[in-house]
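Shown here: upload33.cif, mmCIF, C-alpha atoms and all ligand atoms.
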```cif
data_run
#
loop_
_atom_site.label_atom_id
_atom_site.label_comp_id
_atom_site.auth_asym_id
_atom_site.auth_seq_id
_atom_site.Cartn_x
_atom_site.Cartn_y
_atom_site.Cartn_z
CA MET A 1 -65.34 5.26 -41.45
CA CYS A 2 -66.50 1.93 -42.80
CA LEU A 3 -64.54 0.13 -40.17
CA ALA A 4 -66.41 -2.17 -37.82
CA ILE A 5 -64.74 -3.24 -34.61
CA PRO A 6 -65.41 -6.42 -32.65
CA ALA A 7 -66.19 -5.71 -29.01
CA ARG A 8 -67.66 -7.55 -26.03
CA ILE A 9 -70.86 -6.37 -24.40
CA VAL A 10 -69.95 -5.69 -20.77
CA GLU A 11 -73.04 -3.76 -19.74
CA LEU A 12 -76.51 -3.86 -21.26
CA GLU A 13 -79.65 -1.97 -20.40
CA ALA A 14 -82.47 -2.20 -22.94
CA ASP A 15 -80.61 -1.45 -26.20
CA ASN A 16 -77.86 0.61 -24.59
CA ALA A 17 -74.64 -1.29 -24.20
CA VAL A 18 -71.15 -0.59 -23.00
CA VAL A 19 -68.69 -2.63 -25.03
CA ASP A 20 -65.04 -3.46 -24.61
CA ALA A 21 -62.59 -3.69 -27.48
CA MET A 22 -58.99 -4.39 -26.59
CA GLY A 23 -59.44 -2.73 -23.21
CA ASN A 24 -61.16 0.35 -24.61
CA ARG A 25 -64.71 0.82 -23.42
CA PHE A 26 -67.33 2.74 -25.30
CA LYS A 27 -71.07 3.01 -25.77
CA ALA A 28 -72.90 1.07 -28.46
CA LYS A 29 -76.56 0.51 -29.30
CA THR A 30 -77.89 -2.98 -29.83
CA THR A 31 -81.07 -1.77 -31.57
CA LEU A 32 -80.12 -3.58 -34.79
CA LEU A 33 -79.29 -6.87 -33.11
CA ASP A 34 -82.38 -8.22 -31.37
CA LYS A 35 -80.70 -11.19 -29.80
CA ALA A 36 -77.62 -9.47 -28.38
CA LYS A 37 -77.00 -10.27 -24.74
CA LEU A 38 -74.48 -9.54 -22.04
CA GLY A 39 -71.10 -11.15 -22.74
CA ASP A 40 -71.67 -11.44 -26.51
CA LEU A 41 -68.99 -10.45 -28.97
CA VAL A 42 -70.45 -8.08 -31.54
CA LEU A 43 -69.23 -6.12 -34.52
CA VAL A 44 -69.70 -2.41 -33.84
CA HIS A 45 -69.99 0.12 -36.67
CA ALA A 46 -70.72 3.82 -36.16
CA GLY A 47 -71.95 3.20 -32.64
CA PHE A 48 -74.23 0.26 -33.48
CA ALA A 49 -73.75 -3.47 -33.09
CA ILE A 50 -74.49 -4.95 -36.51
CA SER A 51 -73.73 -8.64 -36.04
CA LEU A 52 -72.39 -11.27 -33.70
CA VAL A 53 -68.82 -12.43 -34.22
CA ASP A 54 -66.98 -15.44 -32.90
CA GLU A 55 -63.95 -15.31 -30.68
CA GLU A 56 -61.45 -16.31 -33.36
CA GLU A 57 -62.69 -13.75 -35.86
CA ALA A 58 -62.64 -11.03 -33.20
CA LYS A 59 -59.06 -11.85 -32.25
CA LYS A 60 -57.90 -11.68 -35.86
CA THR A 61 -59.52 -8.29 -36.33
CA TRP A 62 -58.13 -6.90 -33.08
CA GLN A 63 -54.69 -7.99 -34.15
CA LEU A 64 -55.16 -6.25 -37.48
CA ILE A 65 -56.34 -3.03 -35.82
CA ALA A 66 -53.43 -3.10 -33.37
CA GLU A 67 -51.02 -3.40 -36.29
CA VAL A 68 -52.64 -0.52 -38.16
CA ASN A 69 -52.38 1.64 -35.06
CA ASP A 70 -48.73 0.72 -34.61
CA TYR A 71 -48.05 1.76 -38.14
CA ALA A 72 -50.04 4.98 -38.18
CA MET B 1 -50.02 -20.02 -43.91
CA LEU B 2 -47.12 -19.74 -46.35
CA GLU B 3 -48.30 -22.88 -48.05
CA ARG B 4 -51.73 -21.35 -48.56
CA ILE B 5 -50.13 -18.26 -50.07
CA TYR B 6 -48.01 -20.34 -52.47
CA LYS B 7 -51.03 -22.35 -53.49
CA ALA B 8 -52.95 -19.16 -54.19
CA GLN B 9 -50.03 -17.72 -56.15
CA LYS B 10 -49.99 -20.81 -58.37
CA LEU B 11 -53.65 -20.24 -59.06
CA PHE B 12 -53.00 -16.58 -59.90
CA ASP B 13 -50.35 -17.64 -62.42
CA THR B 14 -52.58 -20.30 -63.95
CA ALA B 15 -55.39 -17.78 -64.34
CA CYS B 16 -53.11 -15.27 -66.07
CA GLU B 17 -51.81 -17.97 -68.42
CA THR B 18 -55.22 -19.43 -69.18
CA LEU B 19 -56.83 -16.09 -69.92
CA GLY B 20 -53.75 -14.80 -71.72
CA ARG B 21 -54.50 -11.20 -70.80
CA GLN B 22 -54.53 -8.92 -67.81
CA ILE B 23 -57.09 -9.79 -65.15
CA ASN B 24 -58.68 -6.93 -63.26
CA VAL B 25 -60.35 -7.52 -59.92
CA MET B 26 -62.12 -4.62 -58.25
CA GLU B 27 -62.49 -4.25 -54.50
CA VAL B 28 -65.40 -2.08 -53.45
CA CYS B 29 -64.52 -1.33 -49.87
CA GLY B 30 -62.17 1.20 -48.33
CA THR B 31 -61.17 -1.20 -45.59
CA HIS B 32 -60.13 -3.77 -48.20
CA THR B 33 -58.10 -1.11 -49.99
CA VAL B 34 -56.20 -0.24 -46.83
CA SER B 35 -55.63 -3.87 -45.86
CA ILE B 36 -54.38 -4.71 -49.37
CA PHE B 37 -51.80 -1.94 -49.20
CA ARG B 38 -50.79 -2.36 -45.60
CA ASN B 39 -50.19 -6.05 -45.98
CA GLY B 40 -48.32 -5.72 -49.24
CA ILE B 41 -50.79 -8.00 -51.00
CA ARG B 42 -50.06 -6.40 -54.36
CA THR B 43 -46.49 -7.63 -54.14
CA THR B 44 -47.69 -11.24 -53.96
CA LEU B 45 -49.59 -10.95 -57.24
CA PRO B 46 -48.24 -11.62 -60.71
CA ALA B 47 -48.03 -8.63 -63.05
CA GLY B 48 -51.04 -9.89 -64.98
CA LEU B 49 -53.40 -9.76 -62.00
CA LYS B 50 -54.37 -6.26 -61.12
CA LEU B 51 -56.40 -4.93 -58.22
CA LEU B 52 -58.56 -1.91 -58.91
CA SER B 53 -59.96 0.13 -56.04
CA GLY B 54 -63.57 0.90 -56.77
CA PRO B 55 -66.15 3.23 -55.26
CA GLY B 56 -65.90 1.74 -51.78
CA CYS B 57 -65.04 4.69 -49.60
CA PRO B 58 -68.19 6.60 -48.64
CA VAL B 59 -66.45 9.93 -48.27
CA CYS B 60 -64.74 9.56 -51.66
CA VAL B 61 -67.89 8.72 -53.62
CA THR B 62 -69.79 11.68 -52.19
CA ASP B 63 -70.50 14.11 -55.00
CA GLN B 64 -69.03 17.59 -54.88
CA GLY B 65 -72.54 19.07 -54.91
CA TYR B 66 -73.27 17.42 -51.56
CA ILE B 67 -70.05 18.73 -50.02
CA ASP B 68 -70.95 22.23 -51.18
CA ILE B 69 -74.38 21.96 -49.52
CA VAL B 70 -72.74 20.92 -46.24
CA LEU B 71 -70.45 23.94 -46.44
CA GLN B 72 -73.36 26.21 -47.26
CA LEU B 73 -75.32 24.98 -44.23
CA ALA B 74 -72.25 25.24 -42.00
CA GLY B 75 -72.13 28.92 -42.83
CA ARG B 76 -75.60 29.51 -41.38
CA ASP B 77 -75.88 30.86 -37.85
CA ASP B 78 -78.89 28.74 -37.06
CA CYS B 79 -77.22 25.44 -37.96
CA LEU B 80 -74.95 23.08 -36.15
CA ILE B 81 -73.27 20.51 -38.39
CA ALA B 82 -72.75 17.05 -36.91
CA THR B 83 -70.40 14.93 -38.98
CA TYR B 84 -68.20 11.87 -38.94
CA GLY B 85 -64.57 12.97 -38.69
CA ASP B 86 -63.53 12.04 -42.23
CA MET B 87 -65.80 14.61 -43.82
CA ILE B 88 -64.38 17.72 -42.22
CA ARG B 89 -61.34 17.98 -44.43
CA VAL B 90 -63.00 17.34 -47.78
CA PRO B 91 -62.52 20.45 -49.89
CA GLY B 92 -65.50 22.19 -51.43
CA LYS B 93 -66.63 25.62 -52.46
CA GLY B 94 -64.88 28.13 -50.22
CA GLY B 95 -62.76 25.63 -48.30
CA CYS B 96 -63.60 22.76 -46.01
CA LEU B 97 -65.48 22.31 -42.75
CA GLU B 98 -62.31 22.18 -40.71
CA ARG B 99 -60.81 25.42 -41.89
CA ASN B 100 -63.31 27.78 -43.34
CA GLN B 101 -66.29 27.62 -41.06
CA PRO B 102 -66.77 29.03 -37.63
CA ALA B 103 -65.49 26.08 -35.59
CA SER B 104 -68.44 26.43 -33.25
CA ASN B 105 -70.80 25.44 -36.09
CA VAL B 106 -69.20 22.04 -36.68
CA ARG B 107 -69.03 19.05 -34.35
CA ILE B 108 -67.49 15.67 -34.97
CA VAL B 109 -69.66 12.77 -33.87
CA LEU B 110 -68.98 9.05 -33.68
CA SER B 111 -72.57 8.00 -34.22
CA SER B 112 -75.99 9.23 -35.26
CA GLU B 113 -76.96 8.97 -31.60
CA ASP B 114 -74.36 11.59 -30.71
CA ALA B 115 -75.81 13.86 -33.39
CA LEU B 116 -79.28 13.47 -31.91
CA GLN B 117 -77.92 14.20 -28.46
CA LEU B 118 -76.42 17.41 -29.85
CA ALA B 119 -79.89 18.43 -30.98
CA LYS B 120 -81.28 17.77 -27.51
CA ASP B 121 -78.47 19.78 -25.94
CA ASN B 122 -78.77 22.71 -28.37
CA PRO B 123 -82.46 23.54 -28.70
CA ASP B 124 -81.68 26.93 -30.22
CA LYS B 125 -79.89 25.38 -33.21
CA ILE B 126 -80.93 23.08 -36.03
CA VAL B 127 -78.60 20.13 -35.96
CA VAL B 128 -77.81 18.83 -39.47
CA PHE B 129 -76.38 15.34 -39.43
CA VAL B 130 -74.08 14.74 -42.40
CA ALA B 131 -75.32 11.22 -43.05
CA VAL B 132 -72.87 9.53 -45.38
CA GLY B 133 -72.09 5.84 -45.69
CA PHE B 134 -73.30 2.69 -47.35
CA GLU B 135 -75.82 0.16 -46.12
CA THR B 136 -73.63 -0.50 -43.08
CA THR B 137 -74.15 3.02 -41.79
CA ALA B 138 -77.65 3.85 -43.02
CA PRO B 139 -79.48 1.80 -40.33
CA ALA B 140 -77.83 3.92 -37.62
CA THR B 141 -79.17 7.06 -39.28
CA ALA B 142 -82.63 5.51 -39.51
CA VAL B 143 -82.59 4.74 -35.79
CA ALA B 144 -81.82 8.39 -35.03
CA VAL B 145 -84.63 9.61 -37.29
CA LYS B 146 -86.99 7.13 -35.62
CA GLU B 147 -86.07 8.46 -32.21
CA ALA B 148 -86.35 12.08 -33.34
CA ASP B 149 -89.77 11.33 -34.79
CA GLU B 150 -91.04 9.48 -31.73
CA SER B 151 -89.70 12.06 -29.28
CA ASN B 152 -90.58 15.03 -31.48
CA ILE B 153 -87.06 16.39 -31.66
CA ASP B 154 -87.76 18.98 -34.30
CA ASN B 155 -84.39 20.68 -34.42
CA PHE B 156 -82.76 17.58 -35.89
CA CYS B 157 -82.43 16.75 -39.57
CA ILE B 158 -80.22 14.70 -41.81
CA LEU B 159 -78.56 15.44 -45.10
CA SER B 160 -78.75 11.99 -46.60
CA GLY B 161 -75.71 11.03 -48.60
CA HIS B 162 -76.35 7.32 -48.01
CA LYS B 163 -75.53 5.13 -50.94
CA LEU B 164 -76.23 1.60 -52.12
CA VAL B 165 -73.35 -0.56 -53.24
CA VAL B 166 -75.01 -2.94 -55.69
CA PRO B 167 -76.40 -0.24 -58.06
CA ALA B 168 -72.93 1.32 -58.24
CA MET B 169 -71.36 -2.02 -59.16
CA ALA B 170 -74.02 -2.49 -61.82
CA ALA B 171 -73.41 1.02 -63.17
CA LEU B 172 -69.70 0.31 -63.51
CA LEU B 173 -70.35 -2.88 -65.43
CA ALA B 174 -72.92 -1.20 -67.64
CA GLU B 175 -70.18 1.11 -68.94
CA LYS B 176 -68.91 -0.20 -72.25
CA ASN B 177 -65.27 0.55 -71.54
CA ASN B 178 -65.21 -1.12 -68.15
CA ASN B 179 -62.33 -3.50 -67.55
CA ILE B 180 -63.63 -5.35 -64.50
CA ASP B 181 -63.40 -9.15 -64.51
CA ALA B 182 -64.63 -9.80 -61.00
CA PHE B 183 -65.49 -8.19 -57.69
CA LEU B 184 -64.11 -8.69 -54.22
CA CYS B 185 -67.30 -7.71 -52.41
CA PRO B 186 -67.27 -5.58 -49.27
CA GLY B 187 -67.39 -7.49 -46.00
CA HIS B 188 -69.15 -5.08 -43.68
CA VAL B 189 -71.76 -3.93 -46.18
CA SER B 190 -72.51 -7.61 -46.66
CA VAL B 191 -73.10 -8.03 -42.93
CA VAL B 192 -76.16 -5.84 -43.44
CA ILE B 193 -77.37 -6.64 -46.96
CA GLY B 194 -76.30 -10.30 -46.92
CA SER B 195 -74.03 -12.00 -49.44
CA GLY B 196 -77.13 -12.93 -51.44
CA ALA B 197 -77.50 -9.30 -52.52
CA PHE B 198 -74.69 -9.71 -55.05
CA ALA B 199 -76.49 -12.49 -56.92
CA GLU B 200 -77.95 -9.76 -59.12
CA ILE B 201 -74.48 -8.78 -60.36
CA VAL B 202 -73.51 -12.37 -61.07
CA GLU B 203 -76.73 -13.03 -62.96
CA ARG B 204 -76.91 -9.83 -64.94
CA PHE B 205 -73.27 -9.42 -65.83
CA SER B 206 -71.68 -12.88 -65.39
CA ARG B 207 -68.88 -11.69 -63.16
CA PRO B 208 -67.58 -13.67 -60.18
CA CYS B 209 -68.46 -11.99 -56.88
CA VAL B 210 -66.62 -13.11 -53.76
CA VAL B 211 -67.38 -11.74 -50.31
CA ALA B 212 -64.23 -11.64 -48.18
CA GLY B 213 -63.13 -10.33 -44.81
CA PHE B 214 -60.25 -7.98 -44.16
CA GLU B 215 -57.36 -9.98 -42.91
CA PRO B 216 -54.73 -10.72 -45.55
CA MET B 217 -55.47 -14.44 -45.88
CA GLN B 218 -59.15 -13.70 -46.47
CA ILE B 219 -58.23 -11.34 -49.28
CA ILE B 220 -55.73 -13.74 -50.84
CA GLU B 221 -58.17 -16.62 -50.64
CA GLY B 222 -60.90 -14.43 -52.07
CA LEU B 223 -58.65 -13.67 -55.03
CA ALA B 224 -57.81 -17.36 -55.38
CA GLU B 225 -61.51 -18.20 -55.55
CA ILE B 226 -62.00 -15.56 -58.21
CA CYS B 227 -59.11 -16.96 -60.26
CA ARG B 228 -60.46 -20.51 -59.92
CA GLN B 229 -63.78 -19.32 -61.36
CA LEU B 230 -62.16 -17.36 -64.17
CA VAL B 231 -60.03 -20.36 -65.17
CA ASP B 232 -63.12 -22.58 -65.27
CA GLY B 233 -65.11 -19.94 -67.09
CA ARG B 234 -67.59 -19.73 -64.20
CA ALA B 235 -69.19 -16.69 -62.62
CA GLU B 236 -70.58 -17.43 -59.20
CA LEU B 237 -71.39 -15.79 -55.94
CA LYS B 238 -69.35 -17.05 -53.04
CA SER B 239 -68.77 -15.89 -49.50
CA ILE B 240 -65.63 -16.87 -47.65
CA TYR B 241 -66.42 -14.49 -44.78
CA THR B 242 -68.98 -16.84 -43.30
CA ALA B 243 -67.80 -16.17 -39.75
CA VAL B 244 -69.66 -12.87 -39.90
CA VAL B 245 -71.71 -12.63 -43.10
CA THR B 246 -74.89 -14.59 -43.71
CA GLU B 247 -76.73 -14.95 -46.97
CA GLN B 248 -79.72 -12.91 -45.82
CA GLY B 249 -77.78 -10.34 -43.84
CA ASN B 250 -79.13 -8.42 -40.86
CA ARG B 251 -82.89 -8.37 -41.38
CA THR B 252 -83.55 -5.91 -38.54
CA ALA B 253 -81.12 -3.43 -40.10
CA GLN B 254 -82.64 -3.95 -43.56
CA LYS B 255 -86.12 -3.39 -42.18
CA ILE B 256 -85.29 -0.12 -40.48
CA ILE B 257 -83.68 1.15 -43.69
CA ALA B 258 -86.82 0.18 -45.61
CA ASP B 259 -89.10 1.76 -43.00
CA TYR B 260 -87.46 5.17 -43.14
CA PHE B 261 -85.77 5.42 -46.52
CA GLU B 262 -86.57 4.75 -50.14
CA PRO B 263 -84.13 4.29 -53.00
CA ALA B 264 -83.73 7.43 -55.09
CA ASP B 265 -81.69 8.48 -58.10
CA GLY B 266 -78.55 10.22 -56.96
CA TYR B 267 -75.14 11.55 -57.86
CA TRP B 268 -71.82 9.84 -57.24
CA ARG B 269 -68.39 11.29 -57.73
CA GLY B 270 -66.95 9.86 -60.90
CA LEU B 271 -69.99 7.76 -61.70
CA GLY B 272 -72.48 10.56 -62.18
CA MET B 273 -76.19 9.94 -61.72
CA ILE B 274 -77.13 6.36 -60.90
CA GLU B 275 -80.75 5.31 -60.78
CA LYS B 276 -82.08 4.21 -57.42
CA SER B 277 -78.62 4.21 -55.89
CA THR B 278 -79.07 6.52 -52.92
CA LEU B 279 -81.34 6.56 -49.89
CA LYS B 280 -83.79 9.39 -49.41
CA LEU B 281 -86.05 9.77 -46.38
CA LYS B 282 -89.64 8.74 -47.08
CA ASP B 283 -92.16 11.54 -47.51
CA LYS B 284 -93.64 10.86 -44.07
CA TYR B 285 -90.32 11.85 -42.54
CA SER B 286 -89.50 14.74 -44.81
CA ARG B 287 -89.43 17.14 -41.87
CA PHE B 288 -86.16 15.47 -40.95
CA ASP B 289 -84.76 15.90 -44.45
CA ALA B 290 -82.31 18.82 -44.53
CA LEU B 291 -82.92 19.43 -48.25
CA GLU B 292 -86.66 19.84 -47.64
CA ARG B 293 -86.17 21.83 -44.52
CA PHE B 294 -83.91 24.40 -46.14
CA GLY B 295 -85.48 24.22 -49.59
CA ILE B 296 -82.28 23.09 -51.27
CA ILE B 297 -82.17 21.19 -54.54
CA GLU B 298 -79.16 18.94 -54.92
CA THR B 299 -77.38 19.34 -58.22
CA PRO B 300 -74.20 17.65 -59.38
CA GLY B 301 -71.17 19.61 -58.24
CA GLU B 302 -68.19 20.64 -60.23
CA ASP B 303 -65.13 18.62 -59.40
CA ILE B 304 -62.07 20.47 -58.20
CA SER B 305 -59.88 21.30 -61.14
CA GLY B 306 -57.07 18.86 -61.77
CA CYS B 307 -58.38 16.26 -59.31
CA ARG B 308 -59.02 12.91 -61.00
CA CYS B 309 -60.75 11.16 -58.09
CA GLY B 310 -63.66 10.28 -60.36
CA GLU B 311 -61.47 8.25 -62.69
CA VAL B 312 -59.61 6.72 -59.75
CA LEU B 313 -62.91 5.56 -58.24
CA CYS B 314 -63.98 3.88 -61.47
CA GLY B 315 -60.68 2.00 -61.68
CA LEU B 316 -59.79 3.84 -64.90
CA ILE B 317 -56.53 5.31 -63.64
CA GLU B 318 -54.22 4.72 -60.72
CA PRO B 319 -53.69 7.59 -58.28
CA THR B 320 -50.13 8.17 -59.45
CA GLU B 321 -51.49 9.01 -62.90
CA CYS B 322 -53.07 12.13 -61.40
CA GLY B 323 -50.71 15.03 -61.93
CA LEU B 324 -51.37 16.37 -58.45
CA PHE B 325 -50.57 13.15 -56.60
CA GLY B 326 -47.82 13.69 -54.07
CA GLU B 327 -47.18 17.16 -55.47
CA SER B 328 -49.90 19.62 -54.52
CA CYS B 329 -52.10 16.81 -53.19
CA THR B 330 -50.93 14.98 -50.05
CA PRO B 331 -52.76 13.67 -46.97
CA ARG B 332 -51.63 16.81 -45.16
CA GLU B 333 -52.89 19.13 -47.90
CA PRO B 334 -55.50 17.07 -49.73
CA VAL B 335 -57.02 18.36 -52.94
CA GLY B 336 -59.59 15.61 -53.43
CA PRO B 337 -61.55 13.34 -51.10
CA CYS B 338 -59.58 10.23 -52.11
CA MET B 339 -56.59 11.79 -50.37
CA VAL B 340 -58.59 12.93 -47.33
CA SER B 341 -60.19 9.78 -46.05
CA SER B 342 -58.02 7.24 -44.31
CA GLU B 343 -59.79 4.73 -46.55
CA GLY B 344 -59.27 6.76 -49.70
CA VAL B 345 -57.34 5.13 -52.52
CA CYS B 346 -54.99 8.06 -53.05
CA ALA B 347 -54.22 8.23 -49.32
CA ALA B 348 -53.50 4.48 -49.27
CA TRP B 349 -51.16 4.79 -52.27
CA PHE B 350 -49.43 7.73 -50.71
CA LYS B 351 -48.89 5.94 -47.43
CA TYR B 352 -48.07 2.43 -48.57
CA GLY B 353 -47.75 2.43 -52.33
CA PRO B 354 -44.49 1.53 -54.01
CA GLU B 355 -44.62 4.60 -56.22
CA LYS B 356 -45.09 7.07 -53.43
CA LYS B 357 -43.52 10.36 -54.19
CA HIS B 358 -43.03 12.05 -50.85
CA LYS B 359 -42.11 15.65 -51.15
S1 LIG C 1 -54.12 12.55 -56.01
FE1 LIG C 1 -55.40 14.12 -55.06
S2 LIG C 1 -56.09 15.39 -56.72
FE2 LIG C 1 -55.33 13.50 -57.63
S3 LIG C 1 -57.11 12.16 -57.80
FE3 LIG C 1 -56.18 11.71 -55.85
S4 LIG C 1 -57.22 13.05 -54.39
FE4 LIG C 1 -57.69 13.84 -56.44
#
```
Please, can you express the file's structure as structure tokens?
Amino acid sequence: MCLAIPARIVELEADNAVVDAMGNRFKAKTTLLDKAKLGDLVLVHAGFAISLVDEEEAKKTWQLIAEVNDYA
Amino acid sequence: MLERIYKAQKLFDTACETLGRQINVMEVCGTHTVSIFRNGIRTTLPAGLKLLSGPGCPVCVTDQGYIDIVLQLAGRDDCLIATYGDMIRVPGKGGCLERNQPASNVRIVLSSEDALQLAKDNPDKIVVFVAVGFETTAPATAVAVKEADESNIDNFCILSGHKLVVPAMAALLAEKNNNIDAFLCPGHVSVVIGSGAFAEIVERFSRPCVVAGFEPMQIIEGLAEICRQLVDGRAELKSIYTAVVTEQGNRTAQKIIADYFEPADGYWRGLGMIEKSTLKLKDKYSRFDALERFGIIETPGEDISGCRCGEVLCGLIEPTECGLFGESCTPREPVGPCMVSSEGVCAAWFKYGPEKKHK
């Protein structure tokens, strides 16, 4: 449950975002990330964006998650 | 990449030779634990360099007393328990949430927001949010309490099991028989508290602290940095996860924690009572505190007999040294929380460990 997933903000209204991670879309709040804007890549933990991430870092993490899922 | 691994391995060997004894590095993050096992990182290490899995999985470090309170509340007709999925299988007095409670009294949520929504949708019930997690998760809980307070959602409360990582690390090092040479610090907790938060550990206890991410090269390079410091006789704070972690961390998240919570003494599985190591709602918000609301006093729980999770979490034994491992305790039929959580050390050993004893 400590896992944080990188995802791109594809919709944003006030602090309610819809984010996309590897084609999966889900809701996330941007309350804890004042400067988050549409199109940003963010790290989402327990439904909240907690930091910005760069493209390369996000790709590495997605790859890792995909592998874990393959294995599980 | 291979070259980087070889280079790191050379450093590992040099460190073992220079120190002339076993080196123990503790990781304090469930996600690190899983990544270490999944990627076979242990197999790249010399016998003299050992990785200990510390109290880094929030479900695992939750004291038995807390679990028993959750079960007690789940048995009440007026309550609806909202919990992250990992918690529902943790055994306690009279069973676990998944099996022994009326299913209608327990709901799995993905965020504190979902728990609050449950309260809005079920005005005839008191929704109790099972708020576990470290500093990464606590801000989300604070946001929900803020919203409940501002919108006067009175049928919502939280059972705070939130914990602080740095006091636990300090408590481990304060033990005389501890065998920890250095820490691989948790990446996502650091996103919130900032890498600077570990300076206290370095200063007080002279142990290298390295903040690393979760992909295998990050972990290997984190270990290499630790070995470099140990060889030189240095103890420094270093972050190699700079793509995501800053020194100050997420100030907005820190502020909301500080606005709603205050540090309180609290119980940890295996570590016992640690001063100012847990987060309790401030008095102003006590109406959202499940303990206050139901007049419950939290006392340390009695661990399940035979389960050695406490020692596992302190790095004192490896899971396979527990007599129940792989026998009566498996991920399918877990006896202790370390086998329940996907981030639990026992579960990771069972799934990926070399000594797994599948029955
Ligand atoms: S193997 Fe099971 S019983 Fe033993 S310490 Fe781990 S979780 Fe507890």
How would you write, as a short mmCIF file (atom, residue, chain, number, x, y, z; two decimals) with C-alpha atoms, in the frame of the given file, the set of residues no farther than 10 Å from ligand LIG 1 (chain C) when counting all atoms listed in the file?
```cif
data_model
loop_
_atom_site.label_atom_id
_atom_site.label_comp_id
_atom_site.auth_asym_id
_atom_site.auth_seq_id
_atom_site.Cartn_x
_atom_site.Cartn_y
_atom_site.Cartn_z
CA CYS B 60 -64.74 9.56 -51.66
CA VAL B 90 -63.00 17.34 -47.78
CA ASP B 303 -65.13 18.62 -59.40
CA ILE B 304 -62.07 20.47 -58.20
CA SER B 305 -59.88 21.30 -61.14
CA GLY B 306 -57.07 18.86 -61.77
CA CYS B 307 -58.38 16.26 -59.31
CA ARG B 308 -59.02 12.91 -61.00
CA CYS B 309 -60.75 11.16 -58.09
CA GLY B 310 -63.66 10.28 -60.36
CA GLU B 311 -61.47 8.25 -62.69
CA VAL B 312 -59.61 6.72 -59.75
CA LEU B 313 -62.91 5.56 -58.24
CA ILE B 317 -56.53 5.31 -63.64
CA GLU B 318 -54.22 4.72 -60.72
CA PRO B 319 -53.69 7.59 -58.28
CA THR B 320 -50.13 8.17 -59.45
CA GLU B 321 -51.49 9.01 -62.90
CA CYS B 322 -53.07 12.13 -61.40
CA GLY B 323 -50.71 15.03 -61.93
CA LEU B 324 -51.37 16.37 -58.45
CA PHE B 325 -50.57 13.15 -56.60
CA GLY B 326 -47.82 13.69 -54.07
CA GLU B 327 -47.18 17.16 -55.47
CA SER B 328 -49.90 19.62 -54.52
CA CYS B 329 -52.10 16.81 -53.19
CA THR B 330 -50.93 14.98 -50.05
CA PRO B 331 -52.76 13.67 -46.97
CA GLU B 333 -52.89 19.13 -47.90
CA PRO B 334 -55.50 17.07 -49.73
CA VAL B 335 -57.02 18.36 -52.94
CA GLY B 336 -59.59 15.61 -53.43
CA PRO B 337 -61.55 13.34 -51.10
CA CYS B 338 -59.58 10.23 -52.11
CA MET B 339 -56.59 11.79 -50.37
CA VAL B 340 -58.59 12.93 -47.33
CA SER B 341 -60.19 9.78 -46.05
CA GLY B 344 -59.27 6.76 -49.70
CA VAL B 345 -57.34 5.13 -52.52
CA CYS B 346 -54.99 8.06 -53.05
CA ALA B 347 -54.22 8.23 -49.32
CA TRP B 349 -51.16 4.79 -52.27
CA PHE B 350 -49.43 7.73 -50.71
#
```
Spatial neighbours of A:Arg25, 10 Å, only C-alpha atoms, chain gap at least 6 places, as a PyMOL selection string: chain A and resi 7-10+18-19
Could you save the residues just selected, with C-alpha atoms, as a compact mmCIF listing (two decimals), in the frame of the given file?
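Saved result, selection_10.txt, follows:
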```
# COMPACT_ATOMS: atom_id res chain seq x y z
CA ALA A 7 -66.19 -5.71 -29.01
CA ARG A 8 -67.66 -7.55 -26.03
CA ILE A 9 -70.86 -6.37 -24.40
CA VAL A 10 -69.95 -5.69 -20.77
CA VAL A 18 -71.15 -0.59 -23.00
CA VAL A 19 -68.69 -2.63 -25.03
```
Which chain A residues are at most 6 Å from chain B (counting all atoms listed in the file), as a ChimeraX atom specification? /A:32,46-47,53
Would you mind reading off the distance between atom CA of B:Glu292 and atom CA of B:Ala74, one decimal, in Å? 16.4 Å
Taking (-77.7, -10.3, -27.9) in the file's own coordinates, collect the residues within 12 Å, counting all atoms listed in the file, and hand them back as a PyMOL selection string. chain A and resi 8-17+29-43+49-53
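For the atom pair formed by atom CA of B:Cys79 and atom CA of B:Ala264, the distance is 25.7 Å, given to one decimal.
Reported to one decimal place, the separation of atom CA of B:Gly65 from atom CA of B:Thr299 is 5.9 Å.
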Taking 6 positions as the minimum chain separation for residues in the same chain, which residues sit within 9 Å of B:Leu97 when counting only C-alpha atoms? Answer as a VMD selection string. chain B and resid 70 to 71 74 87 to 91 103 106
Store the residues picked out above in a file with C-alpha atoms, as a compact mmCIF listing (two decimals), keeping the file's coordinate frame.
```
# COMPACT_ATOMS: atom_id res chain seq x y z
CA VAL B 70 -72.74 20.92 -46.24
CA LEU B 71 -70.45 23.94 -46.44
CA ALA B 74 -72.25 25.24 -42.00
CA MET B 87 -65.80 14.61 -43.82
CA ILE B 88 -64.38 17.72 -42.22
CA ARG B 89 -61.34 17.98 -44.43
CA VAL B 90 -63.00 17.34 -47.78
CA PRO B 91 -62.52 20.45 -49.89
CA ALA B 103 -65.49 26.08 -35.59
CA VAL B 106 -69.20 22.04 -36.68
```
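Among the candidates B:Ala174, B:Leu159, B:Ile23, B:Ala15, the one nearest to B:Asp68 when counting all atoms listed in the file is B:Leu159.
Nearest to A:Lys60 of all the residues B:Met217, B:Asp124, B:Ile296, B:Ala224 is B:Met217, based on only C-alpha atoms.
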My list of candidates is B:Met273, B:Leu291, B:Ile220, B:Ala171. Which is closest to B:Thr43 when distances are computed with all atoms listed in the file? B:Ile220
Export: stretch 12-17 of chain A, C-alpha atoms, as a CSV table (one decimal), in the first residue's frame:
```csv
chain,number,residue,atom,x,y,z
A,12,LEU,CA,-8.2,18.7,-14.0
A,13,GLU,CA,-10.9,20.7,-12.3
A,14,ALA,CA,-9.9,22.6,-9.2
A,15,ASP,CA,-8.0,19.8,-7.3
A,16,ASN,CA,-9.9,16.9,-8.8
A,17,ALA,CA,-7.9,15.2,-11.5
```
